[in-house]
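Everything below concerns the one structure shown next.
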Protein chains: 4
Amino acid sequence: MNKLLDERLVRKIKPINLLILDVDGVLTDGRIIIDDLGNETKNFDVRDGHGIRLLTGYGIDVILLTGRSSKVVDHRAKDLGIKEVYQSAYNKIEVFEEILRKRNISSDNVAYVGDDIVDIPVFNRAGFSVAVADAAVYAKKAANYVTVKRGGRGAVREVCEMILDVQGKWPEIASKYGLKISG
Amino acid sequence: MNKLLDERLVRKIKPINLLILDVDGVLTDGRIIIDDLGNETKNFDVRDGHGIRLLTGYGIDVILLTGRSSKVVDHRAKDLGIKEVYQSAYNKIEVFEEILRKRNISSDNVAYVGDDIVDIPVFNRAGFSVAVADAAVYAKKAANYVTVKRGGRGAVREVCEMILDVQGKWPEIASKYGLKISG
Amino acid sequence: MNKLLDERLVRKIKPINLLILDVDGVLTDGRIIIDDLGNETKNFDVRDGHGIRLLTGYGIDVILLTGRSSKVVDHRAKDLGIKEVYQSAYNKIEVFEEILRKRNISSDNVAYVGDDIVDIPVFNRAGFSVAVADAAVYAKKAANYVTVKRGGRGAVREVCEMILDVQGKWPEIASKYGLKISG
Amino acid sequence: MNKLLDERLVRKIKPINLLILDVDGVLTDGRIIIDDLGNETKNFDVRDGHGIRLLTGYGIDVILLTGRSSKVVDHRAKDLGIKEVYQSAYNKIEVFEEILRKRNISSDNVAYVGDDIVDIPVFNRAGFSVAVADAAVYAKKAANYVTVKRGGRGAVREVCEMILDVQGKWPEIASKYGLKISG
């Protein structure tokens, strides 16, 4: 790691203790996959999943927040140990405010990753707002950070690693896996 | 938005109140996905879906028109609130003319998005004809506009936003989602 | 169309009246898609399918020849009107020779599209041998022609159009669909 | 083949008689594909499969070693004639050491292909360690070799061919398939 992040981003990432993720286009590649029976399938990413597990292992909670609804999301959440999932959230900012109240935390402690126009109200409120590389252009303009990786193809992993890096967890992870950190 | 569209395109898009979409290669990525049981699956796009909902929210109808036939299309249409779906349309231009008669509208009011040679007769008749970025080369030559995005990967969203933009709906959408429109 | 094909290729394509296609990596994108139940799925391409129908509509037969075996292939063959399908063909050149004998035709009349080392013996025998754009490098070296498009993403369509073009069918197709042929 | 491999790699590849492969992101494209019923699907690659069969045909064993668990992996292993599969291997290096002991072989005889941080302890131990082209950046830094092809899209095939080439099997394969070796 040891990426050069500008100071403004570092200040935003330092206090984060909750990561809220949109699902379609962020944790997946945005494909809505449907078969003849109406059964829905989603494409997640193995390395995104490992990033989430690393993050939650260091005490940062992860919540899923999506405007659509499908059982797939519950299956993947369970697989990743994510216990809080909000589906059919037609008004994301309302659910976002509800989460803040319930946890009694400030928006400064929350990072949010999205990809579309409906995410912008949450971008404008979250302490650290992130758009994936292939997000809608105005979502990218509205976010604090745009990932190098695309949604469902490493974007979430990238955000997890940024948080772990800024919060000083990376040397411990690197040492655990026998990884040499270059100067 | 506020893309620079040439005047000819603006004149074509202004009167559009109906958007007709081919399915495979336009609303999907063109993959025909079949399993051992003969069950068919299609890859749609979450942001295309949101574009369609934005468009129909402003009173512009959306119709699906495809030469193939599969139950998947009905499932996705229902999901998007699309009520008119024409499948097994071996002769698309005939169905197109039938739609005009039934609605008593001019072809000037209809936009059509396609990707292949069978779409060209409809391109030659629709008020505003669009080929997706990865359409067959002669389909691209025959269309009024070629999208930047590929079929099933944002092409339909792009067309929805063009229509909303030219018809002056974008400032309202932008304001609804707290989006700043740059100069 | 009217692509500039060198004379050697034109001489090879002129006598073709049978097109034999490998399946995985040629008619599909090479993905072997398996689920928990062992059910197999394949990704075909809508425009490849239309190319095959155009070709067979002009009396050129299409045969599928694959070393693997799955029911998916039969479903897609039926969908495309392909009646001759050879699966589990561990020795492709033997099946190829059998096809020639049964039909009493010369190898000069047969085009073959493949993507891997097992296809090379057939490449060395077919009148017109084609490797897809993403074929193994030695398959590409051994073929008469390498498509611009990838397997399962337009390669077969490209071959169908080349054959129709060289054999003088394109003006009729273009006229049927209201397509203007440039230059 | 006859690629120019540097001498250090050649010395590492020469003694290899066992190839251990991670699954997600190496033998697949890293997509974790889940449907409404919780059924899991994986995308493998037809040419990777043929590479594995070529390799095992020359007496080099292949083992799958993955931290996740799904029945799909057993189906694909069976399809490829792979008899040893380790799933739910939360600590890969432990399983790796166990494999060495059971077979009474040196780590110098084992090649390992991975894509993520959890693979690095095994990279540091294996005789020949390979990261796929789209592996995590620190996995690529830690490996002896980084493939040109991506995981689930030819990376495993590339490794199989390197081993066969360095161990002098390629001329026989080339001759079997009527392949001319240049230069």
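By order in the structure tokens, chains are A, B, ...; within a chain, residues start at 1; ligands start at 1, following the order shown.
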
Nearby residues (only C-alpha atoms) at most 9 Å from Val148 in chain C, same-chain spacing under 6 positions excluded, as a short mmCIF file (atom, residue, chain, number, x, y, z; two decimals) with N, CA, C and O atoms, in the first residue's frame:
```cif
data_model
loop_
_atom_site.label_atom_id
_atom_site.label_comp_id
_atom_site.auth_asym_id
_atom_site.auth_seq_id
_atom_site.Cartn_x
_atom_site.Cartn_y
_atom_site.Cartn_z
N VAL C 132 -10.36 -17.68 -34.45
CA VAL C 132 -10.98 -16.48 -33.88
C VAL C 132 -9.88 -15.57 -33.32
O VAL C 132 -8.75 -16.01 -33.06
N ALA C 133 -10.23 -14.30 -33.11
CA ALA C 133 -9.24 -13.29 -32.69
C ALA C 133 -8.51 -13.67 -31.41
O ALA C 133 -7.34 -13.36 -31.24
N GLY C 154 -18.96 -12.33 -32.07
CA GLY C 154 -18.99 -11.81 -33.43
C GLY C 154 -18.08 -12.51 -34.43
O GLY C 154 -18.18 -12.24 -35.63
N ALA C 155 -17.21 -13.41 -33.97
CA ALA C 155 -16.29 -14.08 -34.89
C ALA C 155 -17.05 -14.88 -35.95
O ALA C 155 -16.73 -14.82 -37.14
N GLU C 158 -18.73 -12.70 -38.49
CA GLU C 158 -17.75 -12.17 -39.43
C GLU C 158 -17.47 -13.18 -40.55
O GLU C 158 -17.43 -12.81 -41.73
#
```

With only C-alpha atoms as the counted atoms, please give the residues lying no more than 9 Å from Leu65 in chain D, apart from itself and same-chain residues fewer than 5 positions off, as a PDB file with N, CA, C and O atoms, in the first residue's frame.
```
ATOM      1  N   ILE D  20      -0.147 -26.739  -8.151  1.00  0.00           N
ATOM      2  CA  ILE D  20      -1.276 -26.477  -7.252  1.00  0.00           C
ATOM      3  C   ILE D  20      -1.916 -25.162  -7.670  1.00  0.00           C
ATOM      4  O   ILE D  20      -1.222 -24.153  -7.862  1.00  0.00           O
ATOM      5  N   LEU D  21      -3.239 -25.195  -7.831  1.00  0.00           N
ATOM      6  CA  LEU D  21      -3.955 -24.016  -8.325  1.00  0.00           C
ATOM      7  C   LEU D  21      -4.979 -23.524  -7.309  1.00  0.00           C
ATOM      8  O   LEU D  21      -5.777 -24.310  -6.796  1.00  0.00           O
ATOM      9  N   ASP D  22      -4.950 -22.235  -7.030  1.00  0.00           N
ATOM     10  CA  ASP D  22      -6.064 -21.579  -6.358  1.00  0.00           C
ATOM     11  C   ASP D  22      -7.246 -21.631  -7.341  1.00  0.00           C
ATOM     12  O   ASP D  22      -7.046 -21.818  -8.547  1.00  0.00           O
ATOM     13  N   VAL D  23      -8.455 -21.491  -6.857  1.00  0.00           N
ATOM     14  CA  VAL D  23      -9.611 -21.598  -7.750  1.00  0.00           C
ATOM     15  C   VAL D  23     -10.154 -20.221  -8.164  1.00  0.00           C
ATOM     16  O   VAL D  23      -9.974 -19.797  -9.306  1.00  0.00           O
ATOM     17  N   GLU D  84      -7.417 -34.529  -6.542  1.00  0.00           N
ATOM     18  CA  GLU D  84      -7.141 -33.989  -5.208  1.00  0.00           C
ATOM     19  C   GLU D  84      -7.618 -32.538  -5.148  1.00  0.00           C
ATOM     20  O   GLU D  84      -7.106 -31.672  -5.866  1.00  0.00           O
ATOM     21  N   VAL D  85      -8.605 -32.280  -4.295  1.00  0.00           N
ATOM     22  CA  VAL D  85      -9.182 -30.941  -4.172  1.00  0.00           C
ATOM     23  C   VAL D  85      -9.271 -30.582  -2.690  1.00  0.00           C
ATOM     24  O   VAL D  85      -9.873 -31.319  -1.909  1.00  0.00           O
ATOM     25  N   TYR D  86      -8.668 -29.460  -2.296  1.00  0.00           N
ATOM     26  CA  TYR D  86      -8.760 -28.987  -0.914  1.00  0.00           C
ATOM     27  C   TYR D  86      -9.594 -27.718  -0.875  1.00  0.00           C
ATOM     28  O   TYR D  86      -9.173 -26.691  -1.402  1.00  0.00           O
ATOM     29  N   GLN D  87     -10.790 -27.799  -0.257  1.00  0.00           N
ATOM     30  CA  GLN D  87     -11.631 -26.610  -0.120  1.00  0.00           C
ATOM     31  C   GLN D  87     -11.644 -26.160   1.344  1.00  0.00           C
ATOM     32  O   GLN D  87     -11.162 -26.857   2.228  1.00  0.00           O
ATOM     33  N   SER D  88     -12.207 -24.968   1.574  1.00  0.00           N
ATOM     34  CA  SER D  88     -12.257 -24.379   2.930  1.00  0.00           C
ATOM     35  C   SER D  88     -10.875 -24.372   3.584  1.00  0.00           C
ATOM     36  O   SER D  88     -10.763 -24.544   4.795  1.00  0.00           O
ATOM     37  N   ALA D  89      -9.857 -24.171   2.791  1.00  0.00           N
ATOM     38  CA  ALA D  89      -8.483 -24.156   3.316  1.00  0.00           C
ATOM     39  C   ALA D  89      -8.190 -22.740   3.823  1.00  0.00           C
ATOM     40  O   ALA D  89      -7.641 -21.915   3.100  1.00  0.00           O
ATOM     41  N   LYS D  92      -3.800 -21.657   3.876  1.00  0.00           N
ATOM     42  CA  LYS D  92      -3.315 -22.383   2.703  1.00  0.00           C
ATOM     43  C   LYS D  92      -1.940 -22.987   2.905  1.00  0.00           C
ATOM     44  O   LYS D  92      -1.646 -24.062   2.383  1.00  0.00           O
ATOM     45  N   VAL D  95      -2.028 -26.415   4.527  1.00  0.00           N
ATOM     46  CA  VAL D  95      -2.431 -27.473   3.593  1.00  0.00           C
ATOM     47  C   VAL D  95      -1.294 -27.761   2.609  1.00  0.00           C
ATOM     48  O   VAL D  95      -1.017 -28.913   2.280  1.00  0.00           O
ATOM     49  N   PHE D  96      -0.624 -26.703   2.187  1.00  0.00           N
ATOM     50  CA  PHE D  96       0.502 -26.860   1.275  1.00  0.00           C
ATOM     51  C   PHE D  96       1.585 -27.767   1.889  1.00  0.00           C
ATOM     52  O   PHE D  96       2.077 -28.701   1.250  1.00  0.00           O
TER      53      PHE D  96
END
```

Next on the checklist: Taking only C-alpha atoms into account and nothing else, which residues of chain D lie no more than 8 Å away from chain A? Please answer as a PyMOL selection string.
Outcome noted: chain D and resi 24-25+30-38+116-118+120-121+124+138+142

Write out the residues from the selection above, keeping C-alpha atoms, as a PDB file, in the first residue's frame.
```pdb
ATOM      1  CA  ASP D  24     -11.432 -18.222  -7.595  1.00  0.00           C
ATOM      2  CA  GLY D  25      -9.540 -15.647  -9.646  1.00  0.00           C
ATOM      3  CA  GLY D  30     -12.899 -14.207  -9.845  1.00  0.00           C
ATOM      4  CA  ARG D  31     -16.636 -13.745 -10.168  1.00  0.00           C
ATOM      5  CA  ILE D  32     -18.663 -15.135  -7.271  1.00  0.00           C
ATOM      6  CA  ILE D  33     -21.962 -15.780  -9.027  1.00  0.00           C
ATOM      7  CA  ILE D  34     -24.960 -16.413  -6.791  1.00  0.00           C
ATOM      8  CA  ASP D  35     -28.666 -16.739  -7.546  1.00  0.00           C
ATOM      9  CA  ASP D  36     -31.859 -16.202  -5.540  1.00  0.00           C
ATOM     10  CA  LEU D  37     -31.739 -19.786  -4.285  1.00  0.00           C
ATOM     11  CA  GLY D  38     -28.166 -19.430  -3.037  1.00  0.00           C
ATOM     12  CA  ASP D 116      -4.351 -12.528  -3.646  1.00  0.00           C
ATOM     13  CA  ILE D 117      -2.730 -11.702  -0.315  1.00  0.00           C
ATOM     14  CA  VAL D 118      -3.668 -15.064   1.250  1.00  0.00           C
ATOM     15  CA  ILE D 120       1.648 -14.969  -0.535  1.00  0.00           C
ATOM     16  CA  PRO D 121       2.757 -17.378   2.213  1.00  0.00           C
ATOM     17  CA  ASN D 124       7.156 -17.649  -0.489  1.00  0.00           C
ATOM     18  CA  TYR D 138       1.357  -7.163  -3.954  1.00  0.00           C
ATOM     19  CA  ALA D 142       5.687 -11.513  -4.498  1.00  0.00           C
TER      20      ALA D 142
END
```

Next on the checklist: When DSSP is applied to the backbone of this structure, which of chain C are assigned helix (DSSP H, G or I)? Write them out as a PyMOL selection string.
Outcome noted: chain C and resi 7-13+46-57+71-80+92-103+107-109+117-123+137-142+155-166+170-176

Item to check | Distance in Å - CA of Asp134 in chain C versus CA of Lys149 in chain D | outcome: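 Pair CA of Asp134 in chain C / CA of Lys149 in chain D returns 11.2 Å.
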
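Shortest separation to Ala139 in chain B among B:Ser69, B:Leu27, B:Val113, B:Lys102 occurs at residue B:Val113, atoms counted being only C-alpha atoms.
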
Next on the checklist: Can you pull out the residues contacting Val159 in chain B? Cut-off 9 Å, using only C-alpha atoms, and skip same-chain residues under 6 positions away; I want them as a PyMOL selection string.
Outcome noted: chain B and resi 51+113+130+147

Next on the checklist: List the spatial neighbours of Phe128 in chain B as an NGL selection string - criterion: any atom at most 7 Å away, only C-alpha atoms, same-chain residues fewer than 2 positions off excluded.
Outcome noted: :B and (12-13 or 110-112 or 126 or 130 or 144)

Kindly export the residues of the current selection with N, CA, C and O atoms, as a PDB file, in the first residue's frame.
```
ATOM      1  N   LYS B  12     -34.497  16.305 -33.965  1.00  0.00           N
ATOM      2  CA  LYS B  12     -35.065  14.959 -34.028  1.00  0.00           C
ATOM      3  C   LYS B  12     -35.559  14.487 -32.649  1.00  0.00           C
ATOM      4  O   LYS B  12     -36.557  13.771 -32.535  1.00  0.00           O
ATOM      5  N   ILE B  13     -34.833  14.855 -31.621  1.00  0.00           N
ATOM      6  CA  ILE B  13     -35.137  14.364 -30.269  1.00  0.00           C
ATOM      7  C   ILE B  13     -36.290  15.140 -29.624  1.00  0.00           C
ATOM      8  O   ILE B  13     -37.074  14.573 -28.861  1.00  0.00           O
ATOM      9  N   VAL B 110     -41.193   8.948 -32.557  1.00  0.00           N
ATOM     10  CA  VAL B 110     -40.685   7.674 -32.061  1.00  0.00           C
ATOM     11  C   VAL B 110     -39.172   7.559 -32.220  1.00  0.00           C
ATOM     12  O   VAL B 110     -38.637   7.760 -33.317  1.00  0.00           O
ATOM     13  N   ALA B 111     -38.497   7.218 -31.131  1.00  0.00           N
ATOM     14  CA  ALA B 111     -37.075   6.888 -31.187  1.00  0.00           C
ATOM     15  C   ALA B 111     -36.943   5.376 -31.155  1.00  0.00           C
ATOM     16  O   ALA B 111     -37.749   4.685 -30.525  1.00  0.00           O
ATOM     17  N   TYR B 112     -35.955   4.846 -31.872  1.00  0.00           N
ATOM     18  CA  TYR B 112     -35.748   3.400 -31.900  1.00  0.00           C
ATOM     19  C   TYR B 112     -34.259   3.098 -31.720  1.00  0.00           C
ATOM     20  O   TYR B 112     -33.409   3.719 -32.371  1.00  0.00           O
ATOM     21  N   ALA B 126     -37.948   5.530 -38.254  1.00  0.00           N
ATOM     22  CA  ALA B 126     -38.119   6.195 -36.955  1.00  0.00           C
ATOM     23  C   ALA B 126     -37.664   7.655 -37.001  1.00  0.00           C
ATOM     24  O   ALA B 126     -36.783   8.022 -37.784  1.00  0.00           O
ATOM     25  N   VAL B 130     -31.125   5.102 -33.326  1.00  0.00           N
ATOM     26  CA  VAL B 130     -29.889   5.004 -32.558  1.00  0.00           C
ATOM     27  C   VAL B 130     -29.310   3.594 -32.670  1.00  0.00           C
ATOM     28  O   VAL B 130     -30.028   2.604 -32.502  1.00  0.00           O
ATOM     29  N   ASN B 144     -29.111   7.610 -36.912  1.00  0.00           N
ATOM     30  CA  ASN B 144     -28.879   9.036 -36.700  1.00  0.00           C
ATOM     31  C   ASN B 144     -27.798   9.274 -35.655  1.00  0.00           C
ATOM     32  O   ASN B 144     -27.108  10.279 -35.674  1.00  0.00           O
TER      33      ASN B 144
END
```
